[in-house]
Amino acid sequence: MALPSSAAPPTDARHLHGVRSPLRPTERIGAVAAYFLVVYRRTWQGSLFSRFVSPLLFLLAMGLGLGSLVDASSGGVDGVPYLAFVAPGMVAVQAMMTAVSESTYPVYGLFTWNRMYHSMLATPLRVSDLLLGHLTVVAAQGTVAAAAFVLVAALFGSFSSAWVVLAVPIGLLVTLAFAVPLFGFTARAKGDSSFNVVYRLVITPLMLFSGVFFPVDRLPFVLEVLAWLTPLWHGVELIRGAATGGLAVLDLVHLVVLLLFIGVGWVYAHAGMTRRLVS
Amino acid sequence: MTSLSPGVLTPGLAMWRSVVERNVVSFRRQWAAFVTGFAEPVFYLFSLGIGVGSLVPFVVTDGGSTVTYAAFVAPAMLAASAMNGAVMDSTFNVFFKLKYAKIYDAMLATPLGPRDIAVGEVVWSLIRGGVYALVFYLVALAVGVVDSWWSVLAVPAAVFIGLAFSAVGMFATTFMRSWVDFDWVVLVIQPLFLLSATFFPLGTYPGWAQPLVMATPLYHGVALERGLMLGEVGWGLLWHVAYLLVLGVVGIRATSRRIETLLRA
């Protein structure tokens, strides 16, 4: 079989042997994303419980059960029933949890257990393609999880404004604000036991102290300042603002903080991946 | 163990102790996993105590007394952490040893029997859980959410909770085929954690749900701890102890039988 004689072979002839034109960025990222989607098609059932049943249980227990106590003794929080207070927070937690569970053990496994990232790098893919492709899938999962939760919570009558649909794109940002830095952390992890510690010492406290179950101004001042520094609190505030229709210009600050986590996280993640895989 | 002389190892000499000892040795290298186990219930206590406590100043317990929300929720956190610790130990850890590390195969190749393994693992789990319970109790004491002298019994009571859950957890583990099956563990544990009169009193549940809640093991653990830590003590608490004890004993017997059939067959 003869090589095409022209210097630039046609780009749509990739199935032929011979010199190929370089892949376009979208093709490279799409190829990585496609791999993760194939894997996900075989494993999604396992995540159903943690994605949907578990937040539903939290909503029942906290929103309705604990809510009846809160509403009876202090008439709700900041003028809304406890369920309306806690449900937007749970949407953000949902996005965070998805990001965390998809960016720790599974990513670590791709470095070590099946070394899939190494295989991918042996193809024309680059580190940034792996990151972008994989993060796209994680972001999609987080967004779907947030959207599903909004839907379920809406059936319980948790939201008072149609602006709550904004919770879905905000959920996307919250997912990335956790996933991107965590990819960097995982790339530097020596063993998988450190994730357990991260779950217990970072993720659980974040869920408990970032304004999900009670306003952060009830915390001692030092802890309140700490809460301001976490991406979860900013996500919670944004979604709560959307769910009550009370978003204001000042809320742009929350948006900026989330974007900062994503941007700085990207540099951290890219450097970590490069160090682990290339050098 | 004075009757032990080299070469003469007969069963029935509390050989489960060597299973416990092995765990102690192996955990020296995982101290971070051990130490952070303390943190979770304490975080919950503070979050609920300070935060939710500011929204719910007082709760009327099922026993009829009025207490602060922190005092109400602390015993439940103690019971839930005893459950969690026992379940994690007896499912994930045991499964790993059973399927991957083949530690029980190795143990059965020594004079240890299946019952030594079951008892040894449960005892280790109780020691670990007991230490956690003690630390949590001291924290609760320090922040002043403990109302009664009866509360000194809260730590031994947590051991009963650990016994019940580690025995049942280990029994369940012997049926597991892969890590995917562990979703079932979470599927059971999480509703128990959230809906065993942990965060709000039994009286708050709808009438039809109350008997359901009362049938679950964690409810008995929570009710027992709450009775002791708030000083609502009566003979009725013994029912909770009996429930947990029966669950534990039946679980251990069933587990040793399963290990026998799995590894000796």
# chains A, B, ... in the order shown; residues from 1 in each chain; ligands from 1
$ interface_residues --of "chain A" --to "chain B" --cutoff "6 Å" --atoms "only C-alpha atoms" --output "list of chain:residue names"
A:Ala61, A:Leu66, A:Val70, A:Ser73, A:Leu208, A:Phe214, A:Arg218
$ write_last_selection --atoms "C-alpha atoms" --output "compact mmCIF listing (two decimals), in the first residue's frame"
# COMPACT_ATOMS: atom_id res chain seq x y z
CA ALA A 61 -33.62 12.98 58.33
CA LEU A 66 -34.57 17.64 62.47
CA VAL A 70 -35.90 23.54 64.40
CA SER A 73 -38.27 25.93 68.49
CA LEU A 208 -20.48 19.79 58.93
CA PHE A 214 -26.64 25.83 60.20
CA ARG A 218 -23.25 30.51 64.75
$ residues_around --residues "Gly221 (chain B)" --least-positions-apart "6" --cutoff "7 Å" --atoms "only C-alpha atoms" --output "list in words"
Ala79, Ile161 and His240 of chain B
$ write_last_selection --atoms "N, CA, C and O atoms" --output "compact mmCIF listing (two decimals), in the first residue's frame"
# COMPACT_ATOMS: atom_id res chain seq x y z
N ALA B 79 -23.06 6.15 70.24
CA ALA B 79 -23.59 4.86 69.76
C ALA B 79 -23.29 4.68 68.28
O ALA B 79 -22.86 3.61 67.84
N ILE B 161 -22.68 -2.44 71.90
CA ILE B 161 -23.07 -2.04 70.55
C ILE B 161 -22.04 -2.56 69.55
O ILE B 161 -22.38 -3.15 68.52
N HIS B 240 -32.49 -3.30 76.11
CA HIS B 240 -31.58 -2.89 75.03
C HIS B 240 -30.30 -3.73 75.08
O HIS B 240 -29.81 -4.19 74.07
$ closest_atom_pairs --of "region 191-225 of chain B" --to "region 162-176 of chain B" --cutoff "12 Å" --atoms "only C-alpha atoms" --output "JSON lines"
{"residue": "B:Leu192", "atom": "CA", "partner": "B:Phe165", "partner_atom": "CA", "distance": 11.7}
{"residue": "B:Thr216", "atom": "CA", "partner": "B:Phe165", "partner_atom": "CA", "distance": 11.4}
{"residue": "B:Pro217", "atom": "CA", "partner": "B:Ala164", "partner_atom": "CA", "distance": 8.1}
{"residue": "B:Leu218", "atom": "CA", "partner": "B:Phe165", "partner_atom": "CA", "distance": 8.8}
{"residue": "B:His220", "atom": "CA", "partner": "B:Ala164", "partner_atom": "CA", "distance": 10.8}
{"residue": "B:Gly221", "atom": "CA", "partner": "B:Gly162", "partner_atom": "CA", "distance": 9.4}
$ residues_around --residues "Ala167 (chain A)" --least-positions-apart "2" --cutoff "10 Å" --atoms "only C-alpha atoms" --output "PyMOL selection string"
chain A and resi 88+91-92+143+146-147+149-150+163-165+169-174+235-236+238-243
$ closest_residue --among "B:Gly63, B:Gly113, B:Gly144, B:Gly85" --to "Gly203 (chain B)" --atoms "only C-alpha atoms"
B:Gly63
$ residues_around --residues "Asp129 (chain A)" --least-positions-apart "3" --cutoff "8 Å" --atoms "only C-alpha atoms" --output "list in words"
Pro25, Arg28, Ile29, Val32, Leu125, Arg126, Leu132 and Gly133 of chain A
$ select_by_dssp --residues "region 49-125 of chain B" --states "alpha helix (DSSP H)" --output "ChimeraX atom specification"
/B:53-55,69-88,94-95,103-108,114-125
$ atom_distance --atom1 "CA of Leu134 (chain B)" --atom2 "CA of Leu78 (chain B)"
9.4 Å
$ residues_around --residues "Leu83 (chain A)" --least-positions-apart "5" --cutoff "10 Å" --atoms "only C-alpha atoms" --output "list in words"
Leu59, Leu60, Met62, Gly63, Leu64, Gly65, Leu66, Gly67, Ser68, Val70, Asp71, Gly76, Val77, Pro88, Ala153, Phe156, Gly157, Ser158, Phe159 and Phe213 of chain A
$ write_last_selection --atoms "N, CA and C atoms" --output "compact mmCIF listing (two decimals), in the first residue's frame"
# COMPACT_ATOMS: atom_id res chain seq x y z
N LEU A 59 -31.87 14.26 53.39
CA LEU A 59 -32.93 15.25 53.26
C LEU A 59 -34.10 14.91 54.18
N LEU A 60 -34.44 13.62 54.20
CA LEU A 60 -35.53 13.16 55.06
C LEU A 60 -35.19 13.40 56.53
N MET A 62 -32.62 15.17 58.01
CA MET A 62 -32.27 16.53 58.44
C MET A 62 -33.38 17.51 58.10
N GLY A 63 -33.80 17.50 56.85
CA GLY A 63 -34.78 18.50 56.41
C GLY A 63 -36.12 18.33 57.11
N LEU A 64 -36.63 17.10 57.13
CA LEU A 64 -37.96 16.89 57.70
C LEU A 64 -37.91 16.56 59.20
N GLY A 65 -37.05 15.60 59.57
CA GLY A 65 -37.00 15.18 60.97
C GLY A 65 -36.47 16.25 61.89
N LEU A 66 -35.19 16.58 61.66
CA LEU A 66 -34.57 17.64 62.47
C LEU A 66 -35.28 18.96 62.21
N GLY A 67 -35.73 19.15 60.97
CA GLY A 67 -36.44 20.38 60.62
C GLY A 67 -37.65 20.63 61.48
N SER A 68 -38.36 19.55 61.84
CA SER A 68 -39.56 19.76 62.65
C SER A 68 -39.18 20.31 64.03
N VAL A 70 -36.39 22.18 64.59
CA VAL A 70 -35.90 23.54 64.40
C VAL A 70 -37.08 24.50 64.20
N ASP A 71 -37.99 24.10 63.33
CA ASP A 71 -39.12 24.99 63.04
C ASP A 71 -39.98 25.21 64.28
N GLY A 76 -37.66 28.16 62.06
CA GLY A 76 -36.83 28.11 60.85
C GLY A 76 -35.54 28.87 61.00
N VAL A 77 -34.84 29.05 59.89
CA VAL A 77 -33.55 29.72 59.90
C VAL A 77 -33.62 30.92 58.96
N PRO A 88 -30.67 23.45 49.74
CA PRO A 88 -29.64 24.01 48.84
C PRO A 88 -28.23 23.62 49.27
N ALA A 153 -35.40 17.24 45.61
CA ALA A 153 -35.71 18.17 46.70
C ALA A 153 -36.88 19.08 46.31
N PHE A 156 -40.11 17.64 47.18
CA PHE A 156 -40.44 17.81 48.59
C PHE A 156 -40.89 19.23 48.90
N GLY A 157 -40.84 20.09 47.89
CA GLY A 157 -41.22 21.48 48.11
C GLY A 157 -40.17 22.27 48.85
N SER A 158 -38.90 22.02 48.54
CA SER A 158 -37.84 22.67 49.31
C SER A 158 -37.49 24.06 48.80
N PHE A 159 -37.86 24.39 47.57
CA PHE A 159 -37.38 25.65 47.00
C PHE A 159 -38.53 26.61 46.75
N PHE A 213 -25.78 22.82 57.45
CA PHE A 213 -26.80 22.47 58.43
C PHE A 213 -27.18 23.63 59.35
